[in-house]
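Data block below; observations after.
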Amino acid sequence: MMITGRNVRGSHGRTSTAPKPTFREVLSSTDPALPKVHDLIRRTFPKDELVGRSEWRDSLREREAGLWSDSRWHLVVAERKGAVIGVASGTYLGNVNTGVIGYLAVSSAARGYGVGPKLREKLRALFRRDARQIRSEPLRAVIGEVHRNNPWLRTLIRSERVLALDFKYYQPSIRRGERPVPLVLYYEFIRRPKQRLPTALIRTLLYSAWRRIYRIPRPMTHRVFRHMLAELALKKSIGEIKMRDLPSPEKTRR
Ligand SMILES: CC(C)(COP(=O)(O)OP(=O)(O)OC[C@H]1O[C@@H](n2cnc3c(N)ncnc32)[C@H](O)[C@@H]1OP(=O)(O)O)[C@@H](O)C(=O)NCCC(=O)NCCS
């Protein structure tokens, strides 16, 4: 239902006279929102972090053909007057009972009103449903990747449920010929949060993400992947990156 709101106050104190956005999951490979979503992603992220336009359509086609087994890919959009103002994508992985956030983006004019957190909430609710349906148990965690100098990381780690893992994480290159991207991997606990995460669990998460999200056929043949494992092999568990260790807000980029 579209609600027309006057002077809507965002979760961070910004005030908007614009109508409230509506949120929905994109389910069809022919949904007219798909090209608009891709445009928003293209405006938001650097080239080496962009998936091709056809990739999402192909994922939705797989879903339509009933090919998915224990993993499910989701695309949630926020729309206002037919325009896409926000998007969150992600995949539930049944083998590790974890949701993996892909993209999260809000158009620059709509930022600061809580649209991003709302999109994340919707995605998390879908992961919870997946866990119930596929694993018959509660969702274990949500993980995601963020640039170290992205202010969003500061927002995330203010939550006691989120551990920004203190090791050198790399996202494999999405595009042929590009280098892996150094990012921070964060772990959001769904139930009781902890201060550290066992490296044995992190290793399975890394392998699942590289193999199943980025579809790298043999992660162990990649030098960067082996480096990550070598760093983890030195420890039993990994703690969190502290707020004071992050670049100061003035040096951060969005
Ligand atoms: C990260 C992002 C999705 C957050 O969405 P959002 O709807 O703005 O989220 P919020 O309304 O909760 O605002 C988040 C924070 O950004 C601040 N903010 C960011 N940009 C803002 C802007 N243009 N105007 C006002 N506030 C802004 C908010 O005040 C808030 O700060 P706080 O956590 O210290 O209170 C959005 O900023 C974005 O698209 N960034 C670029 C892509 C990105 O970095 N994605 C995340 C990694 S994948």
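Numbering starts fresh at 1 for the residues of each chain in the structure tokens, the chains themselves are lettered A, B, ... in the order given, and ligands are numbered from 1 as they appear.
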Write out as a tab-separated table a residue-level contact list of chain A versus ligand 1 with cut-off 7 Å: for each qualifying residue the closest pair of atoms and the distance in Å to one decimal, counting only C-alpha atoms and all ligand atoms, rows sorted by chain and residue number upward.
```
residue	atom	partner	partner_atom_place_in_ligand_line	distance
A:Gly10	CA	ligand 1	11 (O)	6.5
A:Ser11	CA	ligand 1	11 (O)	6.2
A:His12	CA	ligand 1	29 (O)	5.1
A:Arg14	CA	ligand 1	25 (C)	6.8
A:Thr44	CA	ligand 1	42 (C)	5.8
A:Phe45	CA	ligand 1	42 (C)	6.7
A:Gly102	CA	ligand 1	48 (S)	6.8
A:Tyr103	CA	ligand 1	48 (S)	4.9
A:Leu104	CA	ligand 1	48 (S)	4.6
A:Ala105	CA	ligand 1	39 (O)	3.4
A:Val106	CA	ligand 1	39 (O)	3.8
A:Ser107	CA	ligand 1	39 (O)	6.0
A:Ser108	CA	ligand 1	23 (N)	5.5
A:Ala109	CA	ligand 1	23 (N)	6.4
A:Ala110	CA	ligand 1	7 (O)	6.5
A:Arg111	CA	ligand 1	8 (O)	3.3
A:Gly112	CA	ligand 1	11 (O)	3.2
A:Tyr113	CA	ligand 1	11 (O)	3.9
A:Gly114	CA	ligand 1	11 (O)	3.3
A:Val115	CA	ligand 1	7 (O)	3.8
A:Gly116	CA	ligand 1	7 (O)	3.6
A:Pro117	CA	ligand 1	12 (O)	5.4
A:Glu145	CA	ligand 1	48 (S)	6.5
A:Val146	CA	ligand 1	47 (C)	5.0
A:Asn150	CA	ligand 1	44 (O)	6.0
A:Trp152	CA	ligand 1	1 (C)	5.0
A:Thr155	CA	ligand 1	33 (O)	4.2
A:Arg254	CA	ligand 1	41 (C)	5.2
```
Taking a cut-off of 12 Å and counting only C-alpha atoms, can you build a table that, for each residue of stretch 113-148 of chain A near stretch 205-216 of chain A, reports the nearest atom pair and how far apart they are in Å (one decimal), sorted by chain then residue number, as CSV?
```
residue,atom,partner,partner_atom,distance
A:Arg140,CA,A:Leu205,CA,12.0
A:Ala141,CA,A:Leu205,CA,10.7
A:Val142,CA,A:Leu205,CA,10.7
A:Ile143,CA,A:Leu205,CA,8.9
A:Gly144,CA,A:Ala209,CA,10.0
A:Glu145,CA,A:Ala209,CA,10.8
```
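Atom to atom, atom CA of A:Val76 and atom CA of A:Arg191 stand 23.6 Å apart.
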(message) I'd like to know which residues of stretch 48-218 of chain A are strand (DSSP E or B) (by DSSP, run on the backbone); could you write them as a PyMOL selection string?
(response) chain A and resi 71-80+83-93+98-106+141-146+162-165+169-171+181-189+197-198
(request) Rank nothing, just name the residue among A:Arg176, A:Arg124, A:His222, A:Lys236 nearest to A:Arg203, using only C-alpha atoms. (result) A:Lys236
(message) What's around stretch 134-136 of chain A at 9 Å? Count only C-alpha atoms, leave out sequence neighbours fewer than 5 positions away in its own chain, and write the answer as a list in words.
(response) Ser69, Asp70, Ser71, Gly94, Asn95, Asn97 and Arg129 of chain A
Serialized selection, N, CA and C atoms, as a PDB file, in the first residue's frame:
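Contents of result05.pdb, as written:
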```pdb
ATOM      1  N   SER A  69      18.150 -25.351  -4.977  1.00  0.00           N
ATOM      2  CA  SER A  69      18.015 -26.404  -3.974  1.00  0.00           C
ATOM      3  C   SER A  69      18.140 -25.798  -2.585  1.00  0.00           C
ATOM      4  N   ASP A  70      19.354 -25.718  -2.041  1.00  0.00           N
ATOM      5  CA  ASP A  70      19.460 -25.181  -0.680  1.00  0.00           C
ATOM      6  C   ASP A  70      19.970 -23.739  -0.663  1.00  0.00           C
ATOM      7  N   SER A  71      20.001 -23.082  -1.812  1.00  0.00           N
ATOM      8  CA  SER A  71      20.361 -21.658  -1.775  1.00  0.00           C
ATOM      9  C   SER A  71      19.285 -20.856  -2.494  1.00  0.00           C
ATOM     10  N   GLY A  94      22.052 -22.555   2.368  1.00  0.00           N
ATOM     11  CA  GLY A  94      21.577 -23.566   3.311  1.00  0.00           C
ATOM     12  C   GLY A  94      22.702 -24.346   3.964  1.00  0.00           C
ATOM     13  N   ASN A  95      23.822 -24.579   3.247  1.00  0.00           N
ATOM     14  CA  ASN A  95      24.892 -25.408   3.821  1.00  0.00           C
ATOM     15  C   ASN A  95      25.489 -24.781   5.078  1.00  0.00           C
ATOM     16  N   ASN A  97      23.664 -22.208   6.649  1.00  0.00           N
ATOM     17  CA  ASN A  97      22.482 -21.569   7.265  1.00  0.00           C
ATOM     18  C   ASN A  97      22.710 -20.076   7.512  1.00  0.00           C
ATOM     19  N   ARG A 129      12.975 -16.839   6.584  1.00  0.00           N
ATOM     20  CA  ARG A 129      11.976 -17.746   5.992  1.00  0.00           C
ATOM     21  C   ARG A 129      12.682 -18.901   5.273  1.00  0.00           C
TER      22      ARG A 129
END
```
Which residues in stretch 9-143 of chain A does DSSP call helix (DSSP H, G or I)? List them as a PDB file with N, CA and C atoms, in the first residue's frame.
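New file selection36.pdb:
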```
ATOM      1  N   ALA A  33      11.382  -3.334 -13.239  1.00  0.00           N
ATOM      2  CA  ALA A  33      12.277  -2.620 -12.316  1.00  0.00           C
ATOM      3  C   ALA A  33      13.736  -3.020 -12.537  1.00  0.00           C
ATOM      4  N   LEU A  34      13.980  -4.182 -13.151  1.00  0.00           N
ATOM      5  CA  LEU A  34      15.359  -4.695 -13.226  1.00  0.00           C
ATOM      6  C   LEU A  34      16.365  -3.718 -13.854  1.00  0.00           C
ATOM      7  N   PRO A  35      16.056  -3.120 -15.022  1.00  0.00           N
ATOM      8  CA  PRO A  35      17.038  -2.169 -15.588  1.00  0.00           C
ATOM      9  C   PRO A  35      17.258  -0.949 -14.678  1.00  0.00           C
ATOM     10  N   LYS A  36      16.196  -0.517 -13.969  1.00  0.00           N
ATOM     11  CA  LYS A  36      16.334   0.651 -13.077  1.00  0.00           C
ATOM     12  C   LYS A  36      17.228   0.297 -11.885  1.00  0.00           C
ATOM     13  N   VAL A  37      17.073  -0.929 -11.412  1.00  0.00           N
ATOM     14  CA  VAL A  37      17.899  -1.372 -10.282  1.00  0.00           C
ATOM     15  C   VAL A  37      19.365  -1.394 -10.715  1.00  0.00           C
ATOM     16  N   HIS A  38      19.587  -1.887 -11.905  1.00  0.00           N
ATOM     17  CA  HIS A  38      20.962  -1.973 -12.373  1.00  0.00           C
ATOM     18  C   HIS A  38      21.563  -0.585 -12.554  1.00  0.00           C
ATOM     19  N   ASP A  39      20.759   0.355 -13.017  1.00  0.00           N
ATOM     20  CA  ASP A  39      21.253   1.744 -13.161  1.00  0.00           C
ATOM     21  C   ASP A  39      21.678   2.303 -11.808  1.00  0.00           C
ATOM     22  N   LEU A  40      20.866   2.033 -10.778  1.00  0.00           N
ATOM     23  CA  LEU A  40      21.194   2.530  -9.435  1.00  0.00           C
ATOM     24  C   LEU A  40      22.514   1.916  -8.947  1.00  0.00           C
ATOM     25  N   ILE A  41      22.668   0.626  -9.172  1.00  0.00           N
ATOM     26  CA  ILE A  41      23.904  -0.051  -8.764  1.00  0.00           C
ATOM     27  C   ILE A  41      25.100   0.539  -9.510  1.00  0.00           C
ATOM     28  N   ARG A  42      24.906   0.805 -10.787  1.00  0.00           N
ATOM     29  CA  ARG A  42      26.003   1.330 -11.618  1.00  0.00           C
ATOM     30  C   ARG A  42      26.413   2.733 -11.157  1.00  0.00           C
ATOM     31  N   ARG A  43      25.411   3.510 -10.713  1.00  0.00           N
ATOM     32  CA  ARG A  43      25.719   4.869 -10.225  1.00  0.00           C
ATOM     33  C   ARG A  43      26.399   4.827  -8.861  1.00  0.00           C
ATOM     34  N   THR A  44      26.205   3.734  -8.119  1.00  0.00           N
ATOM     35  CA  THR A  44      26.650   3.686  -6.723  1.00  0.00           C
ATOM     36  C   THR A  44      28.024   3.045  -6.524  1.00  0.00           C
ATOM     37  N   LYS A  47      33.331   0.194 -10.894  1.00  0.00           N
ATOM     38  CA  LYS A  47      33.161  -0.773 -11.990  1.00  0.00           C
ATOM     39  C   LYS A  47      33.571  -2.202 -11.599  1.00  0.00           C
ATOM     40  N   ASP A  48      34.661  -2.299 -10.814  1.00  0.00           N
ATOM     41  CA  ASP A  48      35.150  -3.648 -10.495  1.00  0.00           C
ATOM     42  C   ASP A  48      34.252  -4.382  -9.493  1.00  0.00           C
ATOM     43  N   GLU A  49      33.182  -3.702  -9.012  1.00  0.00           N
ATOM     44  CA  GLU A  49      32.267  -4.378  -8.085  1.00  0.00           C
ATOM     45  C   GLU A  49      30.893  -4.612  -8.705  1.00  0.00           C
ATOM     46  N   ARG A  53      24.454  -6.913 -16.246  1.00  0.00           N
ATOM     47  CA  ARG A  53      23.015  -6.685 -16.229  1.00  0.00           C
ATOM     48  C   ARG A  53      22.219  -7.997 -16.345  1.00  0.00           C
ATOM     49  N   SER A  54      22.775  -8.951 -17.113  1.00  0.00           N
ATOM     50  CA  SER A  54      22.010 -10.176 -17.360  1.00  0.00           C
ATOM     51  C   SER A  54      22.063 -11.144 -16.170  1.00  0.00           C
ATOM     52  N   GLU A  55      23.022 -10.920 -15.261  1.00  0.00           N
ATOM     53  CA  GLU A  55      23.216 -11.910 -14.199  1.00  0.00           C
ATOM     54  C   GLU A  55      21.972 -12.081 -13.313  1.00  0.00           C
ATOM     55  N   TRP A  56      21.343 -10.941 -12.970  1.00  0.00           N
ATOM     56  CA  TRP A  56      20.153 -11.022 -12.100  1.00  0.00           C
ATOM     57  C   TRP A  56      18.993 -11.688 -12.820  1.00  0.00           C
ATOM     58  N   ARG A  57      18.861 -11.327 -14.120  1.00  0.00           N
ATOM     59  CA  ARG A  57      17.779 -11.938 -14.900  1.00  0.00           C
ATOM     60  C   ARG A  57      17.979 -13.454 -14.941  1.00  0.00           C
ATOM     61  N   ASP A  58      19.245 -13.864 -15.103  1.00  0.00           N
ATOM     62  CA  ASP A  58      19.531 -15.295 -15.168  1.00  0.00           C
ATOM     63  C   ASP A  58      19.240 -15.978 -13.824  1.00  0.00           C
ATOM     64  N   SER A  59      19.562 -15.284 -12.721  1.00  0.00           N
ATOM     65  CA  SER A  59      19.267 -15.864 -11.397  1.00  0.00           C
ATOM     66  C   SER A  59      17.762 -16.061 -11.243  1.00  0.00           C
ATOM     67  N   LEU A  60      16.991 -15.052 -11.672  1.00  0.00           N
ATOM     68  CA  LEU A  60      15.533 -15.154 -11.548  1.00  0.00           C
ATOM     69  C   LEU A  60      14.984 -16.256 -12.467  1.00  0.00           C
ATOM     70  N   ARG A  61      15.631 -16.426 -13.603  1.00  0.00           N
ATOM     71  CA  ARG A  61      15.202 -17.515 -14.499  1.00  0.00           C
ATOM     72  C   ARG A  61      15.439 -18.872 -13.842  1.00  0.00           C
ATOM     73  N   GLU A  62      16.563 -18.984 -13.128  1.00  0.00           N
ATOM     74  CA  GLU A  62      16.847 -20.247 -12.425  1.00  0.00           C
ATOM     75  C   GLU A  62      15.743 -20.523 -11.404  1.00  0.00           C
ATOM     76  N   ARG A  63      15.342 -19.461 -10.734  1.00  0.00           N
ATOM     77  CA  ARG A  63      14.285 -19.615  -9.734  1.00  0.00           C
ATOM     78  C   ARG A  63      12.978 -20.051 -10.407  1.00  0.00           C
ATOM     79  N   GLU A  64      12.644 -19.356 -11.514  1.00  0.00           N
ATOM     80  CA  GLU A  64      11.398 -19.665 -12.227  1.00  0.00           C
ATOM     81  C   GLU A  64      11.385 -21.107 -12.728  1.00  0.00           C
ATOM     82  N   SER A 108      21.294   8.713  -3.875  1.00  0.00           N
ATOM     83  CA  SER A 108      21.888   9.706  -2.968  1.00  0.00           C
ATOM     84  C   SER A 108      20.839  10.654  -2.376  1.00  0.00           C
ATOM     85  N   ALA A 109      19.802  11.018  -3.138  1.00  0.00           N
ATOM     86  CA  ALA A 109      18.794  11.959  -2.619  1.00  0.00           C
ATOM     87  C   ALA A 109      17.935  11.334  -1.517  1.00  0.00           C
ATOM     88  N   ALA A 110      17.884  10.001  -1.465  1.00  0.00           N
ATOM     89  CA  ALA A 110      16.992   9.337  -0.498  1.00  0.00           C
ATOM     90  C   ALA A 110      17.743   8.819   0.727  1.00  0.00           C
ATOM     91  N   VAL A 115      15.975   4.138   4.713  1.00  0.00           N
ATOM     92  CA  VAL A 115      15.579   3.214   3.638  1.00  0.00           C
ATOM     93  C   VAL A 115      16.531   2.011   3.601  1.00  0.00           C
ATOM     94  N   GLY A 116      17.835   2.279   3.749  1.00  0.00           N
ATOM     95  CA  GLY A 116      18.838   1.203   3.722  1.00  0.00           C
ATOM     96  C   GLY A 116      18.569   0.157   4.807  1.00  0.00           C
ATOM     97  N   PRO A 117      18.439   0.569   6.078  1.00  0.00           N
ATOM     98  CA  PRO A 117      18.146  -0.401   7.130  1.00  0.00           C
ATOM     99  C   PRO A 117      16.835  -1.174   6.892  1.00  0.00           C
ATOM    100  N   LYS A 118      15.854  -0.493   6.336  1.00  0.00           N
ATOM    101  CA  LYS A 118      14.574  -1.159   6.054  1.00  0.00           C
ATOM    102  C   LYS A 118      14.751  -2.242   4.975  1.00  0.00           C
ATOM    103  N   LEU A 119      15.538  -1.933   3.956  1.00  0.00           N
ATOM    104  CA  LEU A 119      15.796  -2.921   2.898  1.00  0.00           C
ATOM    105  C   LEU A 119      16.516  -4.143   3.484  1.00  0.00           C
ATOM    106  N   ARG A 120      17.467  -3.853   4.365  1.00  0.00           N
ATOM    107  CA  ARG A 120      18.226  -4.927   5.018  1.00  0.00           C
ATOM    108  C   ARG A 120      17.306  -5.804   5.862  1.00  0.00           C
ATOM    109  N   GLU A 121      16.386  -5.130   6.548  1.00  0.00           N
ATOM    110  CA  GLU A 121      15.420  -5.838   7.401  1.00  0.00           C
ATOM    111  C   GLU A 121      14.561  -6.792   6.556  1.00  0.00           C
ATOM    112  N   LYS A 122      14.121  -6.294   5.409  1.00  0.00           N
ATOM    113  CA  LYS A 122      13.280  -7.121   4.514  1.00  0.00           C
ATOM    114  C   LYS A 122      14.067  -8.339   4.032  1.00  0.00           C
ATOM    115  N   LEU A 123      15.318  -8.095   3.663  1.00  0.00           N
ATOM    116  CA  LEU A 123      16.158  -9.186   3.172  1.00  0.00           C
ATOM    117  C   LEU A 123      16.377 -10.224   4.288  1.00  0.00           C
ATOM    118  N   ARG A 124      16.632  -9.716   5.500  1.00  0.00           N
ATOM    119  CA  ARG A 124      16.858 -10.626   6.634  1.00  0.00           C
ATOM    120  C   ARG A 124      15.611 -11.479   6.902  1.00  0.00           C
ATOM    121  N   ALA A 125      14.438 -10.856   6.750  1.00  0.00           N
ATOM    122  CA  ALA A 125      13.182 -11.608   6.959  1.00  0.00           C
ATOM    123  C   ALA A 125      13.068 -12.725   5.920  1.00  0.00           C
ATOM    124  N   LEU A 126      13.504 -12.467   4.689  1.00  0.00           N
ATOM    125  CA  LEU A 126      13.465 -13.511   3.648  1.00  0.00           C
ATOM    126  C   LEU A 126      14.445 -14.635   3.994  1.00  0.00           C
ATOM    127  N   PHE A 127      15.644 -14.252   4.482  1.00  0.00           N
ATOM    128  CA  PHE A 127      16.629 -15.278   4.890  1.00  0.00           C
ATOM    129  C   PHE A 127      16.059 -16.139   6.025  1.00  0.00           C
ATOM    130  N   ARG A 128      15.360 -15.499   6.951  1.00  0.00           N
ATOM    131  CA  ARG A 128      14.764 -16.257   8.075  1.00  0.00           C
ATOM    132  C   ARG A 128      13.766 -17.279   7.544  1.00  0.00           C
ATOM    133  N   ARG A 129      12.975 -16.839   6.584  1.00  0.00           N
ATOM    134  CA  ARG A 129      11.976 -17.746   5.992  1.00  0.00           C
ATOM    135  C   ARG A 129      12.682 -18.901   5.273  1.00  0.00           C
ATOM    136  N   ASP A 130      13.753 -18.563   4.526  1.00  0.00           N
ATOM    137  CA  ASP A 130      14.525 -19.608   3.825  1.00  0.00           C
ATOM    138  C   ASP A 130      15.039 -20.646   4.825  1.00  0.00           C
ATOM    139  N   ALA A 131      15.590 -20.159   5.939  1.00  0.00           N
ATOM    140  CA  ALA A 131      16.170 -21.078   6.936  1.00  0.00           C
ATOM    141  C   ALA A 131      15.089 -22.018   7.475  1.00  0.00           C
ATOM    142  N   ARG A 132      13.916 -21.463   7.725  1.00  0.00           N
ATOM    143  CA  ARG A 132      12.806 -22.305   8.228  1.00  0.00           C
ATOM    144  C   ARG A 132      12.423 -23.347   7.179  1.00  0.00           C
ATOM    145  N   GLN A 133      12.322 -22.899   5.924  1.00  0.00           N
ATOM    146  CA  GLN A 133      11.854 -23.811   4.873  1.00  0.00           C
ATOM    147  C   GLN A 133      12.905 -24.832   4.469  1.00  0.00           C
ATOM    148  N   ILE A 134      14.168 -24.385   4.391  1.00  0.00           N
ATOM    149  CA  ILE A 134      15.213 -25.272   3.864  1.00  0.00           C
ATOM    150  C   ILE A 134      15.864 -26.104   4.967  1.00  0.00           C
ATOM    151  N   ARG A 135      16.136 -25.449   6.104  1.00  0.00           N
ATOM    152  CA  ARG A 135      16.866 -26.153   7.169  1.00  0.00           C
ATOM    153  C   ARG A 135      15.986 -26.552   8.350  1.00  0.00           C
TER     154      ARG A 135
END
```
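With atom CA of A:Phe189 on one side and atom CA of A:Asn149 on the other, the separation reads 22.6 Å.
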(request) Would you please work out which residue, of A:Leu153, A:Val162, A:Ile241, A:Ala230, is nearest to A:Arg192 when using only C-alpha atoms? (result) A:Val162
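Relative to atom CA of A:Leu50, atom CA of A:Arg223 is found at 22.3 Å.
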(request) Can you pull out every residue within 7 Å of A:His74, counting only C-alpha atoms, but drop anything in the same chain fewer than 6 positions away, and send it as a PyMOL selection string? (result) chain A and resi 89-91
(message) Taking only C-alpha atoms into account, name the residue in A:Ala88, A:Val100, A:Leu75, A:Met228 that is nearest to A:Pro172.
(response) A:Met228
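Using only C-alpha atoms for every distance, the candidate list A:Val224, A:Ile85, A:Leu232, A:Leu139 yields A:Leu232 as the residue closest to A:Leu165.
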